[in-house]
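Peer 1: Pasting a structure here, questions to come.
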Amino acid sequence: MNEGNTVTRHSSPAAPCELRQGRYGLFTVRLNLLDLGAIQAHLSDQVASAPGLLENAPVVLDPSALPELPAADQAEDLLARLRAAGLQPLALAHAPDADRDYLAQLFRLPLVAAEPHRRLAKVEDPEPAQTDAESVAADAADAMSVEPAAPVLEPEHSAPLPAAAAPAVAPIGGSLYVNSPVRSGQQVYAKGRDLVVTAAVSAGAELIADGCIHVYGRLAGKALAGARGDEKARIYCLNFQPELVSIAGQYRLIESIPAEMRGQAVEVLLDNERLDIRALGTR
Amino acid sequence: MSEVIVVTSGKGGVGKTTSSASIACGFARRGKKVVVVDFDIGLRNLDLIMGCERRVVYDFVNVINNDCSLKQALIKDKRFDNLSVLAASQTRDKDALTQEGVERVLNGLREDFDIIICDSPAGIERGAHLAMYYADRAVVVVNPEVSSVRDSDRVLGLLASKTSKAEQGSGSISEHLLLTRYSPERVASGDMMSVADVEEILGLKVIGVIPESQSVLAASNAGVPVILDEASEAGMAYDDAVARMCGDERPMRFTELKKKGLLNRLFGGG
């Protein structure tokens with residue numbers, strides 16, 4: 001039960017979870033050119049066009065189409081610009097094998113093998129055994145919602161830009177309190193602090209906090225704590241039935257959550273970079 | 001004090017228009033001045049269910065565009081003097097609705113009616129958004145199956161955030177859950193969600209449970225809202241739901257599996 005589903009473990013394309021990743025609202029930003037100013041401008045426009053959907057949306061970076069690897073200062077600048085555009089970079093996807101470790105270190109982000117296009121292509125494979133009709137439908141619906149957030153950047157003239165160091169954002173303390181149900185399609189983000197929800201969180205809803213997350217109703221949606229990389233963040237929940245839980249980018253889907261934890265009061269924490277789910281009140 | 005009640009669901013085909021018509025008649029039968037407005041521009045149905053399709057001259061879009069007055073567009077029901085219908089346009093689409101236009105029409109209706117029922121189109125786009133935007137109360141119609149429940153959850157979220165009341169922070173819309181097409185037999189055999197399942201997932205108590213019934217289809221085809229068919233279980237269940245919306249307490253009927261007697265077995269229930 002302590003088998004943490006760390007994201008790096010799923011990096012092999014043959015990993016069984018690959019088909020499911022991307023269903024959970026983690027939008028992908030595919031990078032085509034290292035024109036940081038243009039990237040920021042483009043993403044800002046995207047966020048402005050659909051703020052309800054995209055503001056503070058967790059995103060996965062896909063650097064596989066970049067012609068050259070970014071330098072350290074460019075990586076920092078890129079992350080800062082994504083945040084300035086209103087997005088929350090959460091992980092890396094599809095780093096070329098040879099550069100994977102370099103990129104992960106450079107961006108200080110975990111690696112995932114999630115990508116909607118590839119996953120959908122998989123669905124069309126002559127091996128549809130694992131995809132029942134409902135999951136395909138759900139995938140298609142999610143691919144649509146992913147669309148506005150996975151912009152294909154127009155190739156433009158790239159000009160070297162002065163690198164502005166990203167200010168490290170530390171939690172500023174306090175909590176965001178939510179006392180009404182968080183329903184399917186709704187997203188709550190506690191920027192720089194903890195999130196306390198006293199009502200139910202429906203399937204299809206999403207909680208994101210830079211600090212800890214506490215849920216006193218039924219948690220049937222997603223909960224992402226430590227969204228800016230705080231590995232000490234934790235999730236507390238009295239009725240644990242989530243679609244996904246994540247701390248600092250390390251996540252587990254419902255399928256890898258032990259059945260005996262479902263519906264229980266639990267604590268979710270990172271223990272040696274592994275996501276651990278513990279029953280509350282047993283110690 | 002007039003009240004705008006939206007009947008919505010997210011998902012299509014769950015019984016919004018059937019419910020709108022019956023709820024409107026239920027309030028009218030209790031002596032309220034009622035108007036029921038079809039927001040499903042382009043897919044006009046409410047007039048059929050209300051049985052006034054031959055009397056539609058002007059519609060909602062005509063009023064918004066100032067082609068006619070509100071009074072000219074209102075169709076008086078033949079059964080209740082205190083019930084009117086504002087039909088949708090069949091030849092336009094949802095873009096014909098403007099926020100200012102809808103607000104103006106609803107404000108006009110508020111002057112003359114106690115209850116304004118807005119029959120929302122399916123989906124969560126413009127038509128549905130405008131139907132719920134000015135509501136004081138919402139009836140969320142849900143079928144006992146997973147996709148309808150999920151869509152209703154989404155709609156409940158929108159009611160709590162994307163309405164005039166929510167945006168101006170002037171209180172919240174009161175939400176009613178109306179469970180339709182319920183079949184106790186199929187719940188007992190395990191292939192339909194129970195009332196308790198739906199209530200648990202959505203975190204709301206139901207205001208009424210309408211049993212699946214042959215009489216609903218017959219009533220729709222005849223243009224007589226099913227609530228007026230006092231012999232049918234669906235009609236009685238709608239009347240219970242309206243009574244509860246008015247604050248009465250009524251025990252829930254037709255939600256338990258009933259033992260069929262010989263006569264029932266021979267002639268069928270319904």
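Identifiers for the structure tokens are assigned positionally: chains receive A, B, ... in sequence, residues are indexed from 1 per chain, and ligands are indexed from 1 in the order shown.
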Please identify every residue of chain B that has at least one atom no more than 8 Å from any atom of chain A, counting only C-alpha atoms, and report them as a ChimeraX atom specification.
Peer 2: /B:150-151,153-154,156-157,201-203
Peer 1: Return as a compact mmCIF listing (two decimals) with all heavy atoms, in the first residue's frame the full set of residues in region 118-228 of chain B whose backbone-based DSSP assignment is alpha helix (DSSP H).
Peer 2:
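Result went into result.txt, see below:
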# COMPACT_ATOMS: atom_id res chain seq x y z
N ARG B 126 -25.04 29.47 -24.24
CA ARG B 126 -25.77 30.72 -24.14
C ARG B 126 -27.23 30.59 -23.70
O ARG B 126 -27.65 31.24 -22.75
CB ARG B 126 -25.69 31.43 -25.50
CG ARG B 126 -26.25 32.82 -25.46
CD ARG B 126 -26.07 33.49 -26.81
NE ARG B 126 -26.50 34.88 -26.72
CZ ARG B 126 -25.75 35.84 -26.24
NH1 ARG B 126 -24.54 35.55 -25.82
NH2 ARG B 126 -26.18 37.07 -26.17
N GLY B 127 -27.99 29.75 -24.42
CA GLY B 127 -29.41 29.64 -24.10
C GLY B 127 -29.64 29.21 -22.66
O GLY B 127 -30.45 29.81 -21.93
N ALA B 128 -28.91 28.18 -22.25
CA ALA B 128 -29.07 27.67 -20.88
C ALA B 128 -28.57 28.70 -19.87
O ALA B 128 -29.17 28.90 -18.81
CB ALA B 128 -28.31 26.36 -20.72
N HIS B 129 -27.47 29.36 -20.22
CA HIS B 129 -26.91 30.37 -19.32
C HIS B 129 -27.91 31.50 -19.07
O HIS B 129 -28.16 31.90 -17.93
CB HIS B 129 -25.62 30.91 -19.92
CG HIS B 129 -25.05 32.09 -19.20
ND1 HIS B 129 -24.47 31.97 -17.96
CD2 HIS B 129 -25.02 33.40 -19.53
CE1 HIS B 129 -24.09 33.17 -17.56
NE2 HIS B 129 -24.40 34.06 -18.49
N LEU B 130 -28.52 32.00 -20.16
CA LEU B 130 -29.46 33.11 -20.00
C LEU B 130 -30.74 32.66 -19.30
O LEU B 130 -31.36 33.44 -18.57
CB LEU B 130 -29.78 33.72 -21.37
CG LEU B 130 -28.62 34.53 -21.97
CD1 LEU B 130 -28.95 34.96 -23.39
CD2 LEU B 130 -28.31 35.75 -21.11
N ALA B 131 -31.13 31.39 -19.50
CA ALA B 131 -32.34 30.90 -18.84
C ALA B 131 -32.17 30.90 -17.32
O ALA B 131 -33.11 31.15 -16.58
CB ALA B 131 -32.69 29.50 -19.35
N MET B 132 -30.94 30.60 -16.87
CA MET B 132 -30.74 30.52 -15.41
C MET B 132 -30.26 31.85 -14.82
O MET B 132 -30.32 32.04 -13.61
CB MET B 132 -29.73 29.41 -15.07
CG MET B 132 -28.29 29.70 -15.45
SD MET B 132 -27.11 28.52 -14.75
CE MET B 132 -27.50 27.04 -15.63
N TYR B 133 -29.78 32.77 -15.67
CA TYR B 133 -29.03 33.91 -15.16
C TYR B 133 -29.84 34.77 -14.17
O TYR B 133 -29.31 35.21 -13.15
CB TYR B 133 -28.50 34.77 -16.31
CG TYR B 133 -27.51 35.81 -15.84
CD1 TYR B 133 -26.22 35.44 -15.51
CD2 TYR B 133 -27.88 37.13 -15.68
CE1 TYR B 133 -25.31 36.35 -15.05
CE2 TYR B 133 -26.98 38.06 -15.21
CZ TYR B 133 -25.69 37.67 -14.90
OH TYR B 133 -24.78 38.58 -14.42
N VAL B 146 -25.83 7.78 -14.40
CA VAL B 146 -24.61 8.49 -14.03
C VAL B 146 -24.36 9.75 -14.85
O VAL B 146 -23.94 10.77 -14.30
CB VAL B 146 -23.36 7.58 -14.11
CG1 VAL B 146 -23.32 6.63 -12.93
CG2 VAL B 146 -23.30 6.82 -15.41
N SER B 147 -24.61 9.71 -16.17
CA SER B 147 -24.25 10.89 -16.96
C SER B 147 -25.17 12.06 -16.63
O SER B 147 -24.73 13.20 -16.56
CB SER B 147 -24.26 10.58 -18.46
OG SER B 147 -25.53 10.10 -18.84
N SER B 148 -26.45 11.76 -16.40
CA SER B 148 -27.37 12.84 -16.04
C SER B 148 -26.99 13.43 -14.69
O SER B 148 -27.04 14.65 -14.49
CB SER B 148 -28.80 12.30 -16.01
OG SER B 148 -29.68 13.28 -15.56
N VAL B 149 -26.57 12.58 -13.75
CA VAL B 149 -26.20 13.06 -12.42
C VAL B 149 -24.96 13.94 -12.52
O VAL B 149 -24.89 15.02 -11.92
CB VAL B 149 -25.97 11.88 -11.45
CG1 VAL B 149 -25.36 12.36 -10.15
CG2 VAL B 149 -27.28 11.15 -11.19
N ARG B 150 -23.98 13.53 -13.33
CA ARG B 150 -22.78 14.35 -13.46
C ARG B 150 -23.12 15.71 -14.08
O ARG B 150 -22.64 16.75 -13.62
CB ARG B 150 -21.74 13.65 -14.32
CG ARG B 150 -20.54 14.56 -14.59
CD ARG B 150 -19.53 13.95 -15.49
NE ARG B 150 -18.78 12.91 -14.81
CZ ARG B 150 -17.75 12.27 -15.37
NH1 ARG B 150 -17.38 12.55 -16.58
NH2 ARG B 150 -17.11 11.35 -14.70
N ASP B 151 -23.97 15.70 -15.12
CA ASP B 151 -24.33 16.97 -15.77
C ASP B 151 -25.09 17.88 -14.79
O ASP B 151 -24.92 19.09 -14.80
CB ASP B 151 -25.18 16.70 -17.02
CG ASP B 151 -24.35 16.06 -18.13
OD1 ASP B 151 -23.14 15.88 -17.91
OD2 ASP B 151 -24.90 15.76 -19.19
N SER B 152 -25.94 17.26 -13.97
CA SER B 152 -26.67 18.06 -12.99
C SER B 152 -25.72 18.68 -11.97
O SER B 152 -25.91 19.82 -11.54
CB SER B 152 -27.68 17.19 -12.26
OG SER B 152 -28.60 16.67 -13.17
N ASP B 153 -24.70 17.93 -11.61
CA ASP B 153 -23.71 18.45 -10.68
C ASP B 153 -23.05 19.70 -11.29
O ASP B 153 -22.87 20.72 -10.62
CB ASP B 153 -22.67 17.36 -10.42
CG ASP B 153 -21.76 17.70 -9.26
OD1 ASP B 153 -22.29 18.01 -8.18
OD2 ASP B 153 -20.53 17.67 -9.43
N ARG B 154 -22.71 19.59 -12.57
CA ARG B 154 -22.10 20.72 -13.28
C ARG B 154 -23.04 21.93 -13.27
O ARG B 154 -22.62 23.05 -13.01
CB ARG B 154 -21.81 20.27 -14.72
CG ARG B 154 -21.15 21.30 -15.59
CD ARG B 154 -19.66 21.22 -15.45
NE ARG B 154 -18.98 21.99 -16.48
CZ ARG B 154 -18.68 23.28 -16.37
NH1 ARG B 154 -19.00 23.93 -15.29
NH2 ARG B 154 -18.04 23.90 -17.34
N VAL B 155 -24.32 21.65 -13.56
CA VAL B 155 -25.29 22.74 -13.61
C VAL B 155 -25.47 23.38 -12.23
O VAL B 155 -25.58 24.60 -12.11
CB VAL B 155 -26.62 22.23 -14.18
CG1 VAL B 155 -27.76 23.18 -13.87
CG2 VAL B 155 -26.51 22.03 -15.68
N LEU B 156 -25.47 22.56 -11.19
CA LEU B 156 -25.59 23.10 -9.83
C LEU B 156 -24.41 24.02 -9.53
O LEU B 156 -24.56 25.05 -8.87
CB LEU B 156 -25.68 21.97 -8.81
CG LEU B 156 -27.02 21.24 -8.77
CD1 LEU B 156 -26.90 19.90 -8.05
CD2 LEU B 156 -28.07 22.11 -8.10
N GLY B 157 -23.23 23.64 -10.03
CA GLY B 157 -22.06 24.50 -9.87
C GLY B 157 -22.24 25.83 -10.57
O GLY B 157 -21.88 26.88 -10.04
N LEU B 158 -22.82 25.78 -11.78
CA LEU B 158 -23.04 27.02 -12.53
C LEU B 158 -24.09 27.89 -11.84
O LEU B 158 -23.96 29.11 -11.78
CB LEU B 158 -23.49 26.71 -13.96
CG LEU B 158 -22.44 25.99 -14.82
CD1 LEU B 158 -23.04 25.59 -16.17
CD2 LEU B 158 -21.22 26.87 -15.04
N LEU B 159 -25.12 27.25 -11.29
CA LEU B 159 -26.16 28.01 -10.58
C LEU B 159 -25.57 28.74 -9.39
O LEU B 159 -26.01 29.83 -9.02
CB LEU B 159 -27.27 27.07 -10.10
CG LEU B 159 -28.22 26.56 -11.18
CD1 LEU B 159 -29.06 25.40 -10.65
CD2 LEU B 159 -29.12 27.68 -11.67
N ALA B 160 -24.54 28.14 -8.80
CA ALA B 160 -23.94 28.75 -7.61
C ALA B 160 -22.91 29.81 -7.97
O ALA B 160 -22.43 30.53 -7.10
CB ALA B 160 -23.29 27.66 -6.75
N SER B 161 -22.54 29.91 -9.26
CA SER B 161 -21.46 30.85 -9.59
C SER B 161 -21.78 31.77 -10.77
O SER B 161 -21.32 32.90 -10.80
CB SER B 161 -20.17 30.08 -9.88
OG SER B 161 -20.35 29.16 -10.93
N SER B 164 -26.93 35.92 -11.90
CA SER B 164 -26.96 37.30 -11.45
C SER B 164 -26.80 37.39 -9.93
O SER B 164 -26.03 38.18 -9.41
CB SER B 164 -28.27 37.93 -11.91
OG SER B 164 -28.43 39.20 -11.33
N LYS B 165 -27.56 36.51 -9.23
CA LYS B 165 -27.49 36.54 -7.76
C LYS B 165 -26.09 36.23 -7.26
O LYS B 165 -25.58 36.88 -6.34
CB LYS B 165 -28.48 35.52 -7.18
CG LYS B 165 -29.90 36.00 -7.22
CD LYS B 165 -30.75 35.23 -6.24
CE LYS B 165 -32.00 36.04 -5.95
NZ LYS B 165 -32.85 35.45 -4.95
N ALA B 166 -25.46 35.20 -7.87
CA ALA B 166 -24.13 34.81 -7.41
C ALA B 166 -23.12 35.90 -7.74
O ALA B 166 -22.26 36.23 -6.92
CB ALA B 166 -23.74 33.49 -8.06
N GLU B 167 -23.23 36.47 -8.94
CA GLU B 167 -22.23 37.44 -9.35
C GLU B 167 -22.33 38.74 -8.56
O GLU B 167 -21.33 39.40 -8.32
CB GLU B 167 -22.36 37.71 -10.86
CG GLU B 167 -21.80 36.57 -11.69
CD GLU B 167 -21.95 36.78 -13.19
OE1 GLU B 167 -22.32 37.89 -13.61
OE2 GLU B 167 -21.69 35.83 -13.91
N GLN B 168 -23.56 39.10 -8.16
CA GLN B 168 -23.71 40.33 -7.40
C GLN B 168 -23.68 40.08 -5.89
O GLN B 168 -23.83 41.00 -5.11
CB GLN B 168 -25.01 41.03 -7.80
CG GLN B 168 -24.89 41.65 -9.18
CD GLN B 168 -26.24 41.96 -9.78
OE1 GLN B 168 -27.23 42.02 -9.06
NE2 GLN B 168 -26.28 42.13 -11.08
N PRO B 184 -38.88 2.11 -9.73
CA PRO B 184 -38.51 1.33 -8.55
C PRO B 184 -38.14 -0.12 -8.89
O PRO B 184 -37.26 -0.71 -8.24
CB PRO B 184 -39.78 1.37 -7.69
CG PRO B 184 -40.51 2.58 -8.14
CD PRO B 184 -40.21 2.72 -9.60
N GLU B 185 -38.77 -0.67 -9.93
CA GLU B 185 -38.45 -2.05 -10.32
C GLU B 185 -36.99 -2.15 -10.74
O GLU B 185 -36.27 -3.07 -10.36
CB GLU B 185 -39.34 -2.51 -11.48
CG GLU B 185 -40.82 -2.68 -11.14
CD GLU B 185 -41.57 -1.35 -11.05
OE1 GLU B 185 -41.08 -0.34 -11.60
OE2 GLU B 185 -42.65 -1.32 -10.42
N ARG B 186 -36.56 -1.18 -11.55
CA ARG B 186 -35.18 -1.26 -12.05
C ARG B 186 -34.17 -0.91 -10.96
O ARG B 186 -33.02 -1.34 -11.00
CB ARG B 186 -35.02 -0.36 -13.26
CG ARG B 186 -35.94 -0.78 -14.40
CD ARG B 186 -35.63 -0.05 -15.66
NE ARG B 186 -34.29 -0.37 -16.14
CZ ARG B 186 -33.68 0.31 -17.10
NH1 ARG B 186 -34.28 1.33 -17.65
NH2 ARG B 186 -32.47 -0.04 -17.49
N VAL B 187 -34.59 -0.10 -9.99
CA VAL B 187 -33.71 0.17 -8.85
C VAL B 187 -33.54 -1.13 -8.05
O VAL B 187 -32.43 -1.51 -7.68
CB VAL B 187 -34.29 1.28 -7.94
CG1 VAL B 187 -33.46 1.41 -6.67
CG2 VAL B 187 -34.32 2.60 -8.69
N ALA B 188 -34.65 -1.83 -7.86
CA ALA B 188 -34.60 -3.07 -7.08
C ALA B 188 -33.73 -4.11 -7.78
O ALA B 188 -33.00 -4.87 -7.13
CB ALA B 188 -36.02 -3.62 -6.89
N VAL B 195 -32.97 6.81 -5.30
CA VAL B 195 -33.11 8.19 -4.82
C VAL B 195 -31.95 8.54 -3.89
O VAL B 195 -31.33 9.60 -4.00
CB VAL B 195 -34.45 8.37 -4.07
CG1 VAL B 195 -34.56 9.80 -3.55
CG2 VAL B 195 -35.62 8.06 -4.97
N ALA B 196 -31.62 7.61 -2.99
CA ALA B 196 -30.56 7.87 -2.01
C ALA B 196 -29.21 8.05 -2.69
O ALA B 196 -28.41 8.91 -2.30
CB ALA B 196 -30.50 6.74 -0.99
N ASP B 197 -28.94 7.23 -3.73
CA ASP B 197 -27.67 7.36 -4.47
C ASP B 197 -27.54 8.76 -5.05
O ASP B 197 -26.51 9.42 -4.92
CB ASP B 197 -27.62 6.36 -5.64
CG ASP B 197 -27.51 4.91 -5.18
OD1 ASP B 197 -27.10 4.72 -4.02
OD2 ASP B 197 -27.85 4.01 -5.96
N VAL B 198 -28.59 9.20 -5.73
CA VAL B 198 -28.55 10.51 -6.40
C VAL B 198 -28.41 11.62 -5.36
O VAL B 198 -27.62 12.55 -5.52
CB VAL B 198 -29.82 10.72 -7.25
CG1 VAL B 198 -29.84 12.11 -7.86
CG2 VAL B 198 -29.90 9.66 -8.35
N GLU B 199 -29.16 11.49 -4.27
CA GLU B 199 -29.09 12.53 -3.22
C GLU B 199 -27.70 12.59 -2.61
O GLU B 199 -27.19 13.67 -2.31
CB GLU B 199 -30.13 12.24 -2.13
CG GLU B 199 -31.56 12.56 -2.57
CD GLU B 199 -32.58 12.31 -1.46
OE1 GLU B 199 -32.29 11.50 -0.56
OE2 GLU B 199 -33.67 12.91 -1.52
N GLU B 200 -27.06 11.43 -2.46
CA GLU B 200 -25.74 11.42 -1.83
C GLU B 200 -24.71 12.08 -2.74
O GLU B 200 -23.91 12.90 -2.31
CB GLU B 200 -25.31 9.98 -1.49
CG GLU B 200 -24.19 9.97 -0.46
CD GLU B 200 -23.17 8.88 -0.69
OE1 GLU B 200 -23.54 7.82 -1.21
OE2 GLU B 200 -21.99 9.12 -0.35
N ILE B 201 -24.75 11.71 -4.03
CA ILE B 201 -23.75 12.26 -4.95
C ILE B 201 -23.91 13.76 -5.09
O ILE B 201 -22.92 14.51 -5.11
CB ILE B 201 -23.86 11.57 -6.33
CG1 ILE B 201 -23.45 10.11 -6.20
CG2 ILE B 201 -22.98 12.28 -7.36
CD1 ILE B 201 -23.63 9.30 -7.46
N LEU B 202 -25.15 14.23 -5.18
CA LEU B 202 -25.36 15.66 -5.43
C LEU B 202 -25.46 16.47 -4.14
O LEU B 202 -25.45 17.70 -4.18
CB LEU B 202 -26.61 15.86 -6.28
CG LEU B 202 -26.50 15.29 -7.70
CD1 LEU B 202 -27.80 15.44 -8.45
CD2 LEU B 202 -25.37 15.97 -8.46
N GLN B 214 -46.17 5.54 -18.74
CA GLN B 214 -46.70 5.62 -20.11
C GLN B 214 -47.48 6.92 -20.31
O GLN B 214 -47.54 7.46 -21.40
CB GLN B 214 -47.65 4.45 -20.38
CG GLN B 214 -47.05 3.09 -20.15
CD GLN B 214 -46.11 2.70 -21.28
OE1 GLN B 214 -46.20 3.25 -22.37
NE2 GLN B 214 -45.20 1.78 -21.00
N SER B 215 -48.08 7.38 -19.22
CA SER B 215 -48.99 8.52 -19.36
C SER B 215 -48.26 9.80 -19.74
O SER B 215 -48.86 10.72 -20.28
CB SER B 215 -49.79 8.71 -18.08
OG SER B 215 -48.93 8.74 -16.97
N VAL B 216 -46.92 9.86 -19.46
CA VAL B 216 -46.18 11.07 -19.81
C VAL B 216 -46.15 11.26 -21.32
O VAL B 216 -46.43 12.33 -21.84
CB VAL B 216 -44.74 11.02 -19.24
CG1 VAL B 216 -43.93 12.22 -19.72
CG2 VAL B 216 -44.78 10.99 -17.72
N LEU B 217 -45.83 10.18 -22.04
CA LEU B 217 -45.77 10.25 -23.49
C LEU B 217 -47.14 10.56 -24.07
O LEU B 217 -47.27 11.43 -24.96
CB LEU B 217 -45.25 8.91 -24.05
CG LEU B 217 -45.07 8.85 -25.56
CD1 LEU B 217 -44.04 9.87 -26.02
CD2 LEU B 217 -44.65 7.44 -25.97
N ALA B 218 -48.15 9.89 -23.55
CA ALA B 218 -49.51 10.12 -24.04
C ALA B 218 -49.92 11.57 -23.82
O ALA B 218 -50.48 12.22 -24.71
CB ALA B 218 -50.48 9.18 -23.32
N ALA B 219 -49.59 12.10 -22.65
CA ALA B 219 -49.95 13.48 -22.32
C ALA B 219 -49.22 14.46 -23.24
O ALA B 219 -49.81 15.42 -23.74
CB ALA B 219 -49.62 13.77 -20.87
N SER B 220 -47.92 14.19 -23.50
CA SER B 220 -47.15 15.07 -24.38
C SER B 220 -47.78 15.10 -25.76
O SER B 220 -47.94 16.17 -26.36
CB SER B 220 -45.71 14.58 -24.49
OG SER B 220 -45.08 14.66 -23.24
N ASN B 221 -48.09 13.94 -26.29
CA ASN B 221 -48.66 13.88 -27.64
C ASN B 221 -50.01 14.56 -27.71
O ASN B 221 -50.39 15.09 -28.75
CB ASN B 221 -48.76 12.42 -28.09
CG ASN B 221 -47.39 11.84 -28.40
OD1 ASN B 221 -46.46 12.59 -28.71
ND2 ASN B 221 -47.26 10.54 -28.29
N ALA B 222 -50.75 14.54 -26.60
CA ALA B 222 -52.08 15.15 -26.60
C ALA B 222 -52.03 16.64 -26.30
O ALA B 222 -53.04 17.33 -26.41
CB ALA B 222 -52.95 14.44 -25.57
Peer 1: B:Met50, B:Ile64, B:Ala21, B:Val206: which is nearest Arg244 (chain B), counting only C-alpha atoms?
Peer 2: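 When distances to Arg244 (chain B) are compared using only C-alpha atoms, the smallest one comes from B:Val206.
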Peer 1: Write out as an MDAnalysis selection string all residues of region 9-227 of chain B that backbone DSSP assigns to strand (DSSP E).
Peer 2: chainID B and resid 34:38 75:76 83:86 115:119 137:142 174:182 206:211
Peer 1: Just the residues within 7 Å of Gly223 (chain B), please, counting only C-alpha atoms, with nothing from its chain fewer than 6 positions along; format it as a list in words.
Peer 2: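 Neighbouring residues, sequence-local ones excluded: Leu48, Ile49, Met50 and Gly51 of chain B.
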Peer 1: Report as a ChimeraX atom specification all protein, DNA and RNA residues lying within 7 Å of region 242-247 of chain A, evaluated on only C-alpha atoms, omitting residues in the same chain fewer than 4 positions from it.
Peer 2: /A:203,219-227,231,233-234,251-254,270
Peer 1: Would you mind telling me which residue in A:Ala80, A:Ile213, A:Ile277, A:Ala259 lies nearest to Ile39 (chain A) when using only C-alpha atoms?
Peer 2: A:Ala80
Peer 1: As an exercise, work out the distance from CA of Val112 (chain A) to CA of Pro63 (chain A) in Å and give it to one decimal place.
Peer 2: 12.0 Å
Peer 1: So which residues touch Val197 (chain A) within 7 Å, counting only C-alpha atoms, skipping near sequence neighbours fewer than 6 positions away, as JSON, numbers by chain?
Peer 2: {"A": [177, 178, 179, 214, 215, 216]}
Peer 1: I need the chosen residues saved as an mmCIF file, in the first residue's frame, with C-alpha atoms.
Peer 2:
data_model
loop_
_atom_site.group_PDB
_atom_site.id
_atom_site.type_symbol
_atom_site.label_atom_id
_atom_site.label_comp_id
_atom_site.auth_asym_id
_atom_site.auth_seq_id
_atom_site.Cartn_x
_atom_site.Cartn_y
_atom_site.Cartn_z
ATOM 1 C CA TYR A 177 -12.062 28.602 3.210
ATOM 2 C CA VAL A 178 -14.758 27.136 0.994
ATOM 3 C CA ASN A 179 -18.051 26.313 2.685
ATOM 4 C CA HIS A 214 -8.303 19.792 4.020
ATOM 5 C CA VAL A 215 -11.644 18.364 2.943
ATOM 6 C CA TYR A 216 -14.386 17.713 5.482
#
Peer 1: If we count only C-alpha atoms, what is near Thr91 (chain B) at a cut-off of 12 Å, once residues fewer than 3 positions away on the same chain are taken out, given as a compact mmCIF listing (two decimals) with N, CA, C and O atoms, in the first residue's frame?
Peer 2:
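As written to disk, around24.txt reads:
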# COMPACT_ATOMS: atom_id res chain seq x y z
N ASP B 40 -35.66 27.53 -25.41
CA ASP B 40 -34.98 26.66 -26.38
C ASP B 40 -35.20 27.20 -27.79
O ASP B 40 -35.92 26.61 -28.60
N ILE B 41 -34.53 28.34 -28.07
CA ILE B 41 -34.72 29.01 -29.36
C ILE B 41 -34.22 28.10 -30.48
O ILE B 41 -33.10 27.61 -30.44
N GLY B 42 -35.06 27.90 -31.48
CA GLY B 42 -34.68 27.05 -32.60
C GLY B 42 -35.22 25.63 -32.48
O GLY B 42 -35.32 24.91 -33.46
N LEU B 43 -35.51 25.21 -31.28
CA LEU B 43 -36.08 23.87 -31.06
C LEU B 43 -37.32 24.01 -30.19
O LEU B 43 -37.37 23.53 -29.06
N ARG B 44 -38.30 24.72 -30.72
CA ARG B 44 -39.49 25.06 -29.95
C ARG B 44 -40.31 23.81 -29.65
O ARG B 44 -40.72 23.10 -30.55
N TYR B 58 -46.55 35.53 -32.32
CA TYR B 58 -45.25 36.15 -32.01
C TYR B 58 -44.53 35.29 -30.97
O TYR B 58 -45.15 34.51 -30.25
N ASP B 59 -43.23 35.45 -30.91
CA ASP B 59 -42.46 34.63 -29.96
C ASP B 59 -41.48 35.49 -29.16
O ASP B 59 -41.42 36.71 -29.32
N PHE B 60 -40.73 34.81 -28.30
CA PHE B 60 -39.76 35.40 -27.40
C PHE B 60 -38.78 36.33 -28.15
O PHE B 60 -38.53 37.47 -27.73
N VAL B 61 -38.28 35.85 -29.28
CA VAL B 61 -37.29 36.65 -30.03
C VAL B 61 -37.94 37.91 -30.60
O VAL B 61 -37.33 38.98 -30.62
N ASN B 62 -39.20 37.80 -31.04
CA ASN B 62 -39.92 38.98 -31.51
C ASN B 62 -40.01 40.04 -30.42
O ASN B 62 -39.84 41.23 -30.67
N ALA B 87 -43.73 31.52 -26.30
CA ALA B 87 -43.09 30.48 -27.11
C ALA B 87 -41.71 30.92 -27.56
O ALA B 87 -41.39 32.11 -27.64
N ALA B 88 -40.87 29.92 -27.90
CA ALA B 88 -39.57 30.20 -28.49
C ALA B 88 -39.75 30.42 -29.98
O ALA B 88 -40.77 30.06 -30.55
N LYS B 94 -29.91 30.37 -30.77
CA LYS B 94 -29.73 30.92 -29.42
C LYS B 94 -29.07 32.29 -29.41
O LYS B 94 -29.19 33.03 -28.44
N ASP B 95 -28.33 32.62 -30.48
CA ASP B 95 -27.65 33.92 -30.50
C ASP B 95 -28.65 35.07 -30.57
O ASP B 95 -28.27 36.22 -30.35
N ALA B 96 -29.90 34.75 -30.91
CA ALA B 96 -30.91 35.81 -30.96
C ALA B 96 -31.24 36.32 -29.55
O ALA B 96 -31.83 37.39 -29.41
Peer 1: For Val105 (chain B), please output as a PyMOL selection string all residues within 12 Å (counting only C-alpha atoms; exclusion window: fewer than 5 positions along the same chain).
Peer 2: chain B and resi 4+35+37+39+59-66+68-71+73-74+86+97-100+110-112+116+118+130-131+134
Peer 1: Go through A:Thr198, A:Gln105, A:Gln250, A:Gln88 one by one, measure the shortest atom-to-atom distance of each to Val47 (chain A) using only C-alpha atoms, and give the residue with the smallest value.
Peer 2: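 Among the listed residues, A:Gln88 lies closest to Val47 (chain A).
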Peer 1: Hey, which of A:Asp276, A:Asp99, A:Glu206, A:Asp62 ends up closest to Met261 (chain A)? Count only C-alpha atoms.
Peer 2: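 Of A:Asp276, A:Asp99, A:Glu206, A:Asp62, the one nearest Met261 (chain A), counting only C-alpha atoms, is A:Asp276.
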